[in-house]
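Okay, so here's the structure we're looking at.
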Amino acid sequence: MTQDLFEKFNPILNSYNSIPSGENNPFTVSMEKVLSPTTAIINGRETILAGTNNYMGMTFNEECIKAATDALMTLGTGTTGSRVLNGTYNGHKNLEETLKKFYDTEYAVVFSTGYQANLGVISTLAGPKDYIVIDADSHASIYDGCALGNASVVRFKHNDPENLEKRLNRIRRDDPEAGILVVLEGVYSMLGDQAPLKELTTISKKYDAYVLVDEAHSIGVFGKTGRGVAQEQDVEDQVDFIVGTFSKSVGTIGGYCVSNHPKFEVLRLVCRPYMFTASLPPSVVASATKALELISNSNLRSKLLQNSARLNNGLDDAGFDMGTTGESPIAAIIVGDQKTAIAFWGEMIREGVYVNLALPPATPNGLNLMRCSLSAAHSFEQIDFMLEKFIKVGRKLGLLQSVTERNLETA
Ligand SMILES: Cc1ncc(COP(=O)(O)O)c(C=O)c1O
């Protein structure tokens, strides 16, 4: 009898099959029509989108759409090749030039997704004799970059400078000559907390480590010209590599890495997730280039942060157990168990609000979350509508704590 290759998935299948089918199933829902960066038709109803990561609302920007349409009409639907074969068009080079200008760096390399940027850069930079030191709450693409390479991988406690120092100290004691790459994120995607980059980069440099910061959720959102948390916290000169994505604030798809390291360009010859995959289509490249130009001078950042404060404070005041502190446009409600989280999601979609149901293993500490990622394109009326619906459903599910209960808990 041959082994059923799918048998190992039985527990997850059983849990999946317990979710109600039909319009309340968060894993089968689809957008019937997208009306704007903040609204879509779902289950036949107009629905507010509260979890798109479309921080700047760029997906419907007229200039981006025009740039994409022009490229589509003149250059076709795809490149049908890798960057190292027939897949480099002038547009890819322009996009890399735009990234260099945006970050004020010497070098920039574009990948087909942000996932592949982390996969490629991390697995290629750190070899068998090197160490990668990562935050325990790192994104899956960072973990997968570690798994694809041959370096030794060491984790430190989330956002804990002291614990990072302990790890680096031990590595240096055991192997004074080792190459070390410390990988951090500007904003952590599930709970929206920022990394204390000043402390973390200072410690990394003390131990002669290279530092890579993934600004996936912070490009466009933080920093004077939207470069991210490294710019916001004024530590760009301590960061050797910045990785990011075009799939959130930039409103399309693609990834990148920028650096001032003089040998950086060699990645194009040795990085497999860059070399062995097709390059981004011309329309995507054109809209990403336009969006980067727009977000560097944008006044949308302050609107976005106002939206975030309005939602985070409103949810907190209502008595929800919040996983976030309003440090970013991400708001996350902690829901005790998976069954209640799934029910919460179903009630919210029926009320006309699409939220992210975030479950382990995508979340830290096994949390079940109702996660929102706001856009500068949300109006205050939309935020207030979301709040009204969250409170209605939260009350129905018994998830609102009274002030007295809270005070007792913290006493
Ligand atoms: C921190 C982080 N890095 C990388 C990625 C991957 O980006 P992409 O969607 O472009 O593959 C994500 C996406 O969610 C992310 O949250």
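Chain labels A, B, ... are given in the sequence in which chains occur in the structure tokens; within each chain residues are numbered consecutively from 1, and ligands are likewise numbered from 1 in the order shown.
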Write out as a CSV table (one decimal) with N, CA and C atoms, in the first residue's frame each polymer residue whose atoms come within 7 Å of A:Leu119, counting only C-alpha atoms; drop sequence neighbours fewer than 6 positions from it.
chain,number,residue,atom,x,y,z
A,141,SER,N,8.6,34.9,4.2
A,141,SER,CA,9.6,35.0,3.1
A,141,SER,C,11.0,35.1,3.6
A,142,ILE,N,11.1,35.7,4.9
A,142,ILE,CA,12.4,35.8,5.5
A,142,ILE,C,12.8,34.4,6.0
A,144,ASP,N,11.8,31.6,4.8
A,144,ASP,CA,12.0,30.8,3.6
A,144,ASP,C,13.4,31.1,2.9
A,145,GLY,N,13.8,32.4,3.0
A,145,GLY,CA,15.1,32.8,2.5
A,145,GLY,C,16.2,32.1,3.3
A,273,PRO,N,16.5,33.2,-7.3
A,273,PRO,CA,15.2,33.7,-7.4
A,273,PRO,C,15.1,35.0,-8.3
Within 6 Å of ligand 1 (only C-alpha atoms and all ligand atoms), residues as a list in words: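 If we count only C-alpha atoms and all ligand atoms, the neighbours of ligand 1 turn out to be Thr113, Gly114, Tyr115, His139, Ser141, Ser189, Ala216, Thr245, Ser247, Ile253, Gly254 and Gly255 of chain A.
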For stretch 287-297 of chain A, find every residue with an atom within 7 Å (counting only C-alpha atoms), except residues of its own chain fewer than 3 positions away, and show them as a list of chain:residue names.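 Surrounding residues, per the criterion: A:Met58, A:Cys64, A:Ile65, A:Ala67, A:Ala68, A:Leu95, A:Thr98, A:Phe102, A:Gly220, A:Thr225, A:Gly226, A:Phe246, A:Val250, A:Thr252, A:Ser283, A:Val284.
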Serialized selection, C-alpha atoms, as a compact mmCIF listing (two decimals), in the first residue's frame:
# COMPACT_ATOMS: atom_id res chain seq x y z
CA MET A 58 -2.47 53.70 -5.59
CA CYS A 64 -0.46 54.92 -12.68
CA ILE A 65 -3.28 53.44 -14.77
CA ALA A 67 1.38 54.59 -17.46
CA ALA A 68 0.39 50.91 -17.22
CA LEU A 95 12.38 51.41 -12.48
CA THR A 98 13.78 55.46 -9.94
CA PHE A 102 13.92 57.27 -4.22
CA GLY A 220 5.23 55.11 1.44
CA THR A 225 9.95 61.07 1.65
CA GLY A 226 8.23 57.73 2.30
CA PHE A 246 5.41 47.02 -4.81
CA VAL A 250 2.97 51.04 -4.59
CA THR A 252 0.91 46.70 -8.01
CA SER A 283 2.54 47.48 -17.47
CA VAL A 284 3.44 46.58 -13.87
Residues of stretch 150-205 of chain A in strand (DSSP E) according to DSSP, as a list in words?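 Restricting stretch 150-205 of chain A to strand (DSSP E) produces Ser152, Val153, Val154, Arg155, Phe156, Ile180, Leu181, Val182, Val183, Leu184 and Glu185 of chain A.
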For atom CA of A:Gly398 and atom CA of A:Asn356, the interatomic separation in Å (one decimal):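 Those two atoms sit 19.9 Å apart.
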Return the single residue from A:Leu311, A:Ala195, A:Ala376, A:Val355 that is closest to A:Lys157, with distances computed using only C-alpha atoms. A:Ala195
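The protein and nucleic acid residues lying at most 9 Å from A:Ile180 are Ala126, Asp130, Tyr131, Ile132, Val133, Leu168, Ile171, Ser204, Tyr207, Asp208, Ala209, Tyr210 and Val211 of chain A, with only C-alpha atoms considered and sequence neighbours fewer than 4 positions away removed.
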Limited to C-alpha atoms, could you put the picked residues into a file as an mmCIF file, in the first residue's frame?
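The resulting result-v5.cif:
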data_model
loop_
_atom_site.group_PDB
_atom_site.id
_atom_site.type_symbol
_atom_site.label_atom_id
_atom_site.label_comp_id
_atom_site.auth_asym_id
_atom_site.auth_seq_id
_atom_site.Cartn_x
_atom_site.Cartn_y
_atom_site.Cartn_z
ATOM 1 C CA ALA A 126 24.663 34.321 3.654
ATOM 2 C CA ASP A 130 27.830 32.675 7.702
ATOM 3 C CA TYR A 131 25.064 33.383 10.205
ATOM 4 C CA ILE A 132 21.633 34.930 9.685
ATOM 5 C CA VAL A 133 20.108 36.456 12.797
ATOM 6 C CA LEU A 168 25.431 38.206 18.466
ATOM 7 C CA ILE A 171 28.193 33.975 17.617
ATOM 8 C CA SER A 204 24.354 44.867 15.042
ATOM 9 C CA TYR A 207 29.279 43.096 16.356
ATOM 10 C CA ASP A 208 30.256 43.918 12.753
ATOM 11 C CA ALA A 209 27.087 42.479 11.297
ATOM 12 C CA TYR A 210 25.399 43.512 8.063
ATOM 13 C CA VAL A 211 21.824 44.755 8.479
#
Give the helix (DSSP H, G or I) residues of stretch 54-250 of chain A, as assigned by DSSP on the backbone, as a tab-separated table (two decimals) with C-alpha atoms, in the first residue's frame.
chain	number	residue	atom	x	y	z
A	58	MET	CA	-2.47	53.70	-5.59
A	59	THR	CA	-4.36	50.89	-7.35
A	60	PHE	CA	-6.78	53.34	-8.98
A	62	GLU	CA	-5.12	57.76	-12.81
A	63	GLU	CA	-1.48	58.47	-13.63
A	64	CYS	CA	-0.46	54.92	-12.68
A	65	ILE	CA	-3.28	53.44	-14.77
A	66	LYS	CA	-2.30	55.58	-17.75
A	67	ALA	CA	1.38	54.59	-17.46
A	68	ALA	CA	0.39	50.91	-17.22
A	69	THR	CA	-2.03	51.13	-20.15
A	70	ASP	CA	0.49	52.88	-22.40
A	71	ALA	CA	3.12	50.23	-21.62
A	72	LEU	CA	0.61	47.42	-22.16
A	73	MET	CA	-0.41	48.77	-25.57
A	74	THR	CA	3.14	49.40	-26.81
A	75	LEU	CA	5.09	46.55	-25.20
A	90	ASN	CA	14.18	49.68	-20.69
A	91	GLY	CA	11.30	49.92	-18.22
A	92	HIS	CA	13.07	47.60	-15.75
A	93	LYS	CA	16.17	49.79	-15.94
A	94	ASN	CA	14.08	52.96	-15.48
A	95	LEU	CA	12.38	51.41	-12.48
A	96	GLU	CA	15.76	50.57	-10.93
A	97	GLU	CA	16.95	54.13	-11.60
A	98	THR	CA	13.78	55.46	-9.94
A	99	LEU	CA	14.40	53.24	-6.89
A	100	LYS	CA	18.01	54.50	-6.62
A	101	LYS	CA	16.72	58.06	-6.68
A	102	PHE	CA	13.92	57.27	-4.22
A	103	TYR	CA	16.34	55.71	-1.69
A	114	GLY	CA	8.68	40.94	-2.49
A	115	TYR	CA	8.66	37.31	-1.41
A	116	GLN	CA	11.29	36.51	-4.04
A	117	ALA	CA	13.37	39.55	-3.06
A	118	ASN	CA	13.71	38.21	0.50
A	119	LEU	CA	14.12	34.64	-0.70
A	120	GLY	CA	16.85	35.64	-3.14
A	121	VAL	CA	18.81	38.22	-1.19
A	122	ILE	CA	18.87	36.36	2.13
A	123	SER	CA	19.66	32.92	0.70
A	124	THR	CA	22.39	34.31	-1.59
A	125	LEU	CA	24.17	36.71	0.75
A	140	ALA	CA	7.44	33.78	6.00
A	141	SER	CA	9.57	35.05	3.08
A	142	ILE	CA	12.42	35.76	5.51
A	143	TYR	CA	12.14	32.31	7.07
A	144	ASP	CA	12.02	30.77	3.59
A	145	GLY	CA	15.09	32.79	2.51
A	146	CYS	CA	16.91	31.30	5.51
A	147	ALA	CA	15.71	27.80	4.60
A	148	LEU	CA	16.82	28.13	0.96
A	161	PRO	CA	17.67	44.54	21.60
A	162	GLU	CA	19.08	42.81	24.69
A	163	ASN	CA	18.28	39.39	23.30
A	164	LEU	CA	19.79	40.33	19.92
A	165	GLU	CA	22.99	41.36	21.68
A	166	LYS	CA	23.11	38.04	23.55
A	167	ARG	CA	22.82	36.11	20.27
A	168	LEU	CA	25.43	38.21	18.47
A	169	ASN	CA	27.81	38.01	21.39
A	170	ARG	CA	27.64	34.21	21.39
A	171	ILE	CA	28.19	33.98	17.62
A	172	ARG	CA	31.24	36.28	17.80
A	173	ARG	CA	32.67	34.37	20.78
A	174	ASP	CA	32.37	31.04	18.92
A	197	LEU	CA	15.80	50.19	14.56
A	198	LYS	CA	18.10	52.61	16.35
A	199	GLU	CA	18.89	50.17	19.16
A	200	LEU	CA	18.89	47.08	16.91
A	201	THR	CA	21.20	48.55	14.27
A	202	THR	CA	23.60	50.01	16.86
A	203	ILE	CA	23.99	46.57	18.44
A	204	SER	CA	24.35	44.87	15.04
A	205	LYS	CA	27.13	47.25	14.03
A	206	LYS	CA	28.91	46.76	17.38
A	229	VAL	CA	11.04	53.26	9.17
A	230	ALA	CA	14.82	53.46	8.62
A	231	GLN	CA	14.30	56.98	7.29
A	232	GLU	CA	11.75	57.82	10.01
A	236	GLU	CA	19.60	54.70	7.02
A	237	ASP	CA	23.39	54.94	7.26
A	238	GLN	CA	23.34	51.87	9.56
Can you pull out the residues contacting A:Val221? Cut-off 12 Å, using only C-alpha atoms, and skip same-chain residues under 2 positions away; I want them as number ranges by chain. A: 53-57, 186-187, 192, 194, 215-219, 223-232, 248-250, 295-306, 308, 327-330, 373-376
For the atom pair atom CA of A:Val258 and atom CA of A:Gly87, what is the interatomic distance in Å to one decimal place?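 So the two atoms, atom CA of A:Val258 and atom CA of A:Gly87, lie 20.0 Å apart.
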Residue with smallest distance to A:Asp135 - pool A:Gln382, A:Ala332, A:Pro364, A:Met275, counting only C-alpha atoms: A:Pro364
Taking into account only C-alpha atoms, which residue in the set A:Met1, A:Leu191, A:Ala318, A:Ala343 is nearest to A:Ile391?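 For A:Ile391, the nearest of the given residues is A:Ala318.
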With only C-alpha atoms as the counted atoms, please give the residues lying no more than 9 Å from stretch 11-22 of chain A, apart from itself and same-chain residues fewer than 6 positions off, as a list of chain:residue names.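 My list of contacting residues is A:Thr28, A:Val29, A:Lys339, A:Ile342.
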Have a look at A:Ile349, A:Leu367, A:Ala136, A:Leu85 and name the one nearest to A:Ile333; count only C-alpha atoms.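 Closest residue, counting only C-alpha atoms: A:Leu367.
Minimum distance to A:Gly81 across A:Pro361, A:Gly44, A:Pro281, A:Gly352 (counting only C-alpha atoms) occurs at A:Pro281.
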